[in-house]
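Asker: Below you will find the structure I want to go over with you.
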Amino acid sequence: MTREIAIPDIGDFKDVTVVEVPVGPGDRIAIDDPILMLESDKATLDIPAPCAGVVREVLVKVGDRVSQGTVALRIEEELADRPAPTPAAAAAGGDHVDLLVIGAGPGGYTAAFRAADLGRKVTLVDARQTLGGVCLNVGCIPSKALLHVAKLVDDAAEGAAHGVSFGAPQIDIDAVRGWKESVVGKLTGGLARLAKRRKVTTMQGMARFTGPHEVEVATPDGPRRLTFDQAIVAVGSSPIWLPFLPDDPRIFDSTGALDLKAVPQRLLVLGGGIIGLEMAQVYHALGSRITIAERMGQLIPGADADIVKPLTSRLKARYEAIHLETGVAAVAAGEALTASFENASGTWQTKFDAILVAVGRRPNGAELGAETAGVAVTGQGFIPVDAQMRTNQKHIFAIGDVVGQPMLAHKATHEAKVAAEVACGHKAAFEPRCIPSVAYTDPEIAWTGLTETQAKAEGRKVKTTPFPWAASGRALSMGRGEGLTKLVLDPDSGRVLGAAIVGVNAGELIASACHAIEMGSDAADLALTIHPHPTLSETLGFAAEVFEGTLTDL
Ligand SMILES: Cc1cc2nc3c(=O)[nH]c(=O)nc-3n(C[C@H](O)[C@H](O)[C@H](O)COP(=O)(O)OP(=O)(O)OC[C@H]3O[C@@H](n4cnc5c(N)ncnc54)[C@H](O)[C@@H]3O)c2cc1C
């Protein structure tokens with residue numbers, strides 16, 4: 001990587017004269033080697049090299065006058081921490097790779113691109129034909145494209161309450177699927193172009209470790225052996241399947257649901273978590289009658305109960321049934337699918353046309369031959385890592401869903417940058433103060449940092465400041481006053497520890513709470529920040545004013 005070397009902070013000296021340039025193009029220099037000598041009327045200063053490398057260009061000459069920030073040299077940086085190829089790797093034969101990234105989801109492609117930007121030669125391997133992993137192909141993006149369609153249908157249906165009525169929607173399922181696929185295609189195609197631009201080599205195939213510095217990739221053209229200096233494992237996660245379910249095309253996971261093969265009349269969604277509820281919303285808008293079965297006592301079990309309540313109320317009014325603290329023990333496949341439910345009040349059976357299984361995801365760490373490379377994997381299939389995203393093998397990193405919860409794309413991308421930077425010899429660590437979670441339901445639910453439930457479980461004293469959207473002019477003008485914005489604060493200092501929002505666009509609104517937490521803000525910082533009126537973002541300011549005692553909107 002070419003790096004520009006500028007004059008560092010040299011105290012009060014400005015416009016000092018260059019009296020010696022002891023290096024020239026082609027010279028190899030080590031960290032702290034002198035690269036310039038400067039002289040002012042008071043002192044002589046040696047400027048040391050901040051990194052090792054080969055001098056490509058010298059941009060100053062004797063007699064020039066320089067100050068802090070003047071670019072003096074361009075150096076092809078050599079990264080001291082990068083290990084030399086091991087004799088084992090070199091002897092093993094096959095193609096040799098500098099940095100191998102396994103898995104091209106948001107974790108893998110981000111790590112590959114960042115490492116390439118830092119000057120590494122990167123090979124990115126993925127079992128899929130297209131880049132983007134679960135997120136772009138069968139996760140975040142296709143689900144949001146379909147949720148957009150659901151929003152159009154729902155908004156049109158609700159227009160009547162505001163004096164504008166539309167006819168019943170005409171749904172062309174092939175065109176809806178086409179819309180979703182066009183969005184996915186744009187993004188995965190864009191990634192392929194970005195990889196090419198960065199000279200990242202991409203390879204399709206399932207990779208398995210065959211040694212500490214070696215993998216075998218099952219490509220469509222047969223097995224290929226690759227040796228590598230360093231590797232980043234970003235193999236993600238897969239949907240959990242329930243063993244008692246019969247093999248029937250009418251029973252599918254989220255990937256099957258996104259295929260949108262048909263719109264069943266009655267759909268049972270197993271699991272009231274984020275993925276199940278988002279897909280339920282899509283199928284409801286397209287015409288399915290929905291039943292949800294959730295083993296826990298509330299929908300979206302990770303979020304605070306008061307935040308989930310407005311969503312549950314809205315869904316109860318629209319869906320056929322929401323069964324909480326309820327399991328499905330068996331499914332019989334006949335003309336219809338008969339599900340056997342059980343909960344504290346008894347057992348019963350109901351017939352459905354299709355079943356979506358959305359009961360969670362499991363990490364893919366166990367299917368990688370990781371033990372052959374000496375990489376530790378937990379019984380569940382997670383790969384433990386340290387703050388630098390290193391596994392127990394110093395030259396192998398892991399990121400994304402495969403290293404732990406929360407299994408979210410934005411966690412994967414941030415871990416990816418840390419792994420790539422550390423692999424390139426930089427000092428970096430993954431130490432976020434908060435990672436936001438968002439359910440793109442209607443209303444949306446978003447939370448970040450400490451939840452009230454967590455604080456209670458940990459016996460931690462907090463002050464919460466709920467601000468009801470019934471007092472927000474913007475929310476009411478949208479007919480959506482059911483929302484709530486809540487801050488979780490340190491009761492003594494007022495420092496923002498967490499935030500949770502339910503309402504339209506909660507997923508967008510939570511970002512400023514994340515920023516507040518990362519910046520160590522307190523309630524006064526948020527309350528004194530002038531939020532534009534009338535917006536939903538004001539509710540964050542109002543929730544802070546509740547703590548400050550300055551709220552006049554309630
Ligand atoms: C329906 C759905 C909706 C979602 N919505 C959101 C959302 O809105 N926001 C959000 O943040 N997250 C969402 N997620 C979660 C998000 O998709 C994941 O957290 C994210 O994709 C994880 O990224 P990753 O890089 O760890 O792995 P993945 O995206 O899972 O990518 C891993 C890749 O590795 C490949 N692979 C696996 N094993 C091997 C191997 N041995 N050799 C070669 N390749 C291999 C796989 O083919 C895959 O392409 C959603 C998930 C689903 C299923």
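If you're wondering about the labels, chains in the structure tokens are A, B, ... by order shown, residues count from 1 in each chain, ligands from 1 in order shown.
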Neighbouring residues of ligand 1 are defined here as those with any atom at most 6 Å from a ligand atom, counting only C-alpha atoms and all ligand atoms; list them as a PyMOL selection string.

Answerer: chain A and resi 102-108+125-128+133-135+139-140+143+205-208+234-237+254+275+368+400-402+407-410+412

Asker: Just the selected residues (N, CA and C atoms), exported as a JSON list (two decimals), in the first residue's frame, please.

Answerer:
[["chain", "number", "residue", "atom", "x", "y", "z"],
["A", 102, "ILE", "N", -13.05, -16.76, 3.67],
["A", 102, "ILE", "CA", -14.02, -17.83, 3.40],
["A", 102, "ILE", "C", -15.41, -17.33, 3.78],
["A", 103, "GLY", "N", -16.28, -17.17, 2.77],
["A", 103, "GLY", "CA", -17.63, -16.66, 2.99],
["A", 103, "GLY", "C", -17.70, -15.22, 2.52],
["A", 104, "ALA", "N", -18.65, -14.94, 1.60],
["A", 104, "ALA", "CA", -18.72, -13.59, 1.00],
["A", 104, "ALA", "C", -19.98, -12.86, 1.40],
["A", 105, "GLY", "N", -20.43, -13.06, 2.65],
["A", 105, "GLY", "CA", -21.54, -12.27, 3.17],
["A", 105, "GLY", "C", -21.04, -10.89, 3.57],
["A", 106, "PRO", "N", -21.85, -10.11, 4.31],
["A", 106, "PRO", "CA", -21.41, -8.77, 4.70],
["A", 106, "PRO", "C", -20.10, -8.79, 5.48],
["A", 107, "GLY", "N", -19.87, -9.85, 6.26],
["A", 107, "GLY", "CA", -18.60, -9.96, 6.96],
["A", 107, "GLY", "C", -17.48, -10.21, 5.97],
["A", 108, "GLY", "N", -17.62, -11.25, 5.16],
["A", 108, "GLY", "CA", -16.55, -11.68, 4.26],
["A", 108, "GLY", "C", -16.19, -10.65, 3.20],
["A", 125, "VAL", "N", -13.67, -16.72, -1.20],
["A", 125, "VAL", "CA", -14.33, -17.97, -1.63],
["A", 125, "VAL", "C", -15.72, -18.03, -1.03],
["A", 126, "ASP", "N", -16.71, -18.37, -1.84],
["A", 126, "ASP", "CA", -18.06, -18.59, -1.30],
["A", 126, "ASP", "C", -18.75, -19.71, -2.05],
["A", 127, "ALA", "N", -19.53, -20.50, -1.31],
["A", 127, "ALA", "CA", -20.25, -21.62, -1.91],
["A", 127, "ALA", "C", -21.29, -21.13, -2.92],
["A", 128, "ARG", "N", -21.80, -19.92, -2.72],
["A", 128, "ARG", "CA", -22.83, -19.40, -3.64],
["A", 128, "ARG", "C", -22.21, -18.88, -4.93],
["A", 133, "GLY", "N", -23.61, -13.19, 0.42],
["A", 133, "GLY", "CA", -24.01, -14.07, 1.53],
["A", 133, "GLY", "C", -25.51, -14.10, 1.75],
["A", 134, "VAL", "N", -25.87, -14.43, 2.98],
["A", 134, "VAL", "CA", -27.29, -14.51, 3.34],
["A", 134, "VAL", "C", -27.94, -13.13, 3.20],
["A", 135, "CYS", "N", -27.26, -12.11, 3.71],
["A", 135, "CYS", "CA", -27.85, -10.77, 3.78],
["A", 135, "CYS", "C", -28.38, -10.30, 2.43],
["A", 139, "GLY", "N", -31.65, -12.72, 2.75],
["A", 139, "GLY", "CA", -31.83, -12.20, 4.11],
["A", 139, "GLY", "C", -32.32, -10.77, 4.11],
["A", 140, "CYS", "N", -31.48, -9.87, 4.65],
["A", 140, "CYS", "CA", -31.86, -8.47, 4.87],
["A", 140, "CYS", "C", -32.50, -7.83, 3.64],
["A", 143, "SER", "N", -35.82, -9.44, 1.96],
["A", 143, "SER", "CA", -36.96, -9.28, 2.88],
["A", 143, "SER", "C", -37.41, -7.82, 2.91],
["A", 205, "GLY", "N", -17.19, -22.04, -4.42],
["A", 205, "GLY", "CA", -16.95, -23.40, -3.93],
["A", 205, "GLY", "C", -17.03, -23.45, -2.42],
["A", 206, "MET", "N", -17.26, -24.64, -1.91],
["A", 206, "MET", "CA", -17.34, -24.86, -0.47],
["A", 206, "MET", "C", -15.92, -25.14, 0.02],
["A", 207, "ALA", "N", -15.43, -24.36, 0.98],
["A", 207, "ALA", "CA", -14.05, -24.54, 1.47],
["A", 207, "ALA", "C", -14.04, -25.37, 2.75],
["A", 208, "ARG", "N", -13.03, -26.22, 2.88],
["A", 208, "ARG", "CA", -12.81, -26.99, 4.13],
["A", 208, "ARG", "C", -11.34, -26.94, 4.46],
["A", 234, "ALA", "N", -15.68, -16.34, 7.55],
["A", 234, "ALA", "CA", -16.92, -15.55, 7.63],
["A", 234, "ALA", "C", -18.06, -16.38, 7.04],
["A", 235, "VAL", "N", -18.22, -17.59, 7.60],
["A", 235, "VAL", "CA", -19.13, -18.56, 6.97],
["A", 235, "VAL", "C", -20.58, -18.44, 7.44],
["A", 236, "GLY", "N", -20.87, -17.51, 8.34],
["A", 236, "GLY", "CA", -22.25, -17.18, 8.65],
["A", 236, "GLY", "C", -23.02, -18.25, 9.40],
["A", 237, "SER", "N", -24.32, -18.29, 9.11],
["A", 237, "SER", "CA", -25.22, -19.17, 9.86],
["A", 237, "SER", "C", -26.29, -19.71, 8.92],
["A", 254, "SER", "N", -36.95, -19.34, 5.99],
["A", 254, "SER", "CA", -37.02, -17.97, 5.47],
["A", 254, "SER", "C", -36.59, -17.91, 4.01],
["A", 275, "ILE", "N", -37.39, -12.41, 12.17],
["A", 275, "ILE", "CA", -37.51, -12.94, 10.81],
["A", 275, "ILE", "C", -38.93, -13.46, 10.56],
["A", 368, "LEU", "N", -16.68, -26.94, 8.74],
["A", 368, "LEU", "CA", -15.60, -26.26, 8.06],
["A", 368, "LEU", "C", -14.28, -27.01, 8.16],
["A", 400, "GLY", "N", -18.55, -12.19, 12.09],
["A", 400, "GLY", "CA", -19.94, -12.33, 11.66],
["A", 400, "GLY", "C", -20.73, -13.32, 12.49],
["A", 401, "ASP", "N", -21.78, -13.87, 11.89],
["A", 401, "ASP", "CA", -22.70, -14.75, 12.62],
["A", 401, "ASP", "C", -21.96, -15.92, 13.27],
["A", 402, "VAL", "N", -20.87, -16.37, 12.64],
["A", 402, "VAL", "CA", -20.20, -17.58, 13.14],
["A", 402, "VAL", "C", -19.46, -17.33, 14.45],
["A", 407, "MET", "N", -26.71, -11.99, 15.69],
["A", 407, "MET", "CA", -26.43, -12.35, 14.30],
["A", 407, "MET", "C", -27.03, -11.27, 13.41],
["A", 408, "LEU", "N", -26.26, -10.24, 13.16],
["A", 408, "LEU", "CA", -26.73, -9.08, 12.39],
["A", 408, "LEU", "C", -25.66, -8.63, 11.41],
["A", 409, "ALA", "N", -26.11, -8.15, 10.27],
["A", 409, "ALA", "CA", -25.18, -7.78, 9.21],
["A", 409, "ALA", "C", -24.23, -6.66, 9.64],
["A", 410, "HIS", "N", -24.77, -5.66, 10.37],
["A", 410, "HIS", "CA", -23.90, -4.53, 10.72],
["A", 410, "HIS", "C", -22.86, -4.91, 11.76],
["A", 412, "ALA", "N", -21.42, -7.87, 11.65],
["A", 412, "ALA", "CA", -20.45, -8.57, 10.80],
["A", 412, "ALA", "C", -19.52, -7.59, 10.08]]

Asker: Can you tell me which residues surround Asn137 of chain A at a distance of at most 8 Å, considering only C-alpha atoms, apart from same-chain residues fewer than 5 positions away, and format the answer as a compact mmCIF listing (two decimals) with N, CA and C atoms, in the first residue's frame?

Answerer:
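Output saved as result-v6.txt:
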# COMPACT_ATOMS: atom_id res chain seq x y z
N THR A 130 -23.24 -16.04 -6.31
CA THR A 130 -23.14 -14.58 -6.22
C THR A 130 -22.56 -14.18 -4.87
N GLY A 132 -22.31 -11.66 -1.47
CA GLY A 132 -23.33 -11.00 -0.65
C GLY A 132 -23.88 -11.87 0.47
N PRO A 142 -33.61 -8.97 0.30
CA PRO A 142 -34.87 -9.41 -0.30
C PRO A 142 -36.06 -9.25 0.64
N VAL A 184 -31.99 -7.46 -5.47
CA VAL A 184 -30.88 -8.34 -5.08
C VAL A 184 -29.81 -8.34 -6.17
N THR A 188 -25.87 -7.54 -5.67
CA THR A 188 -24.84 -8.59 -5.79
C THR A 188 -23.95 -8.30 -7.01

Asker: As a ChimeraX atom specification, please: every residue in segment 361-534 of chain A that DSSP puts in alpha helix (DSSP H).

Answerer: /A:409-423,452-457,473-477,506-518,523-528

Asker: Report the residues of segment 148-281 of chain A whose backbone DSSP state falls under strand (DSSP E), written as number ranges by chain.

Answerer: A: 201-204, 206-211, 214-219, 222-233, 237-239, 251-252, 266-270

Asker: Within 9 Å of Ala543 of chain A, counting only C-alpha atoms, which residues qualify if same-chain residues fewer than 2 places away don't, as number ranges by chain?

Answerer: A: 464-468, 485-487, 523, 526-527, 538-541, 545-547, 551
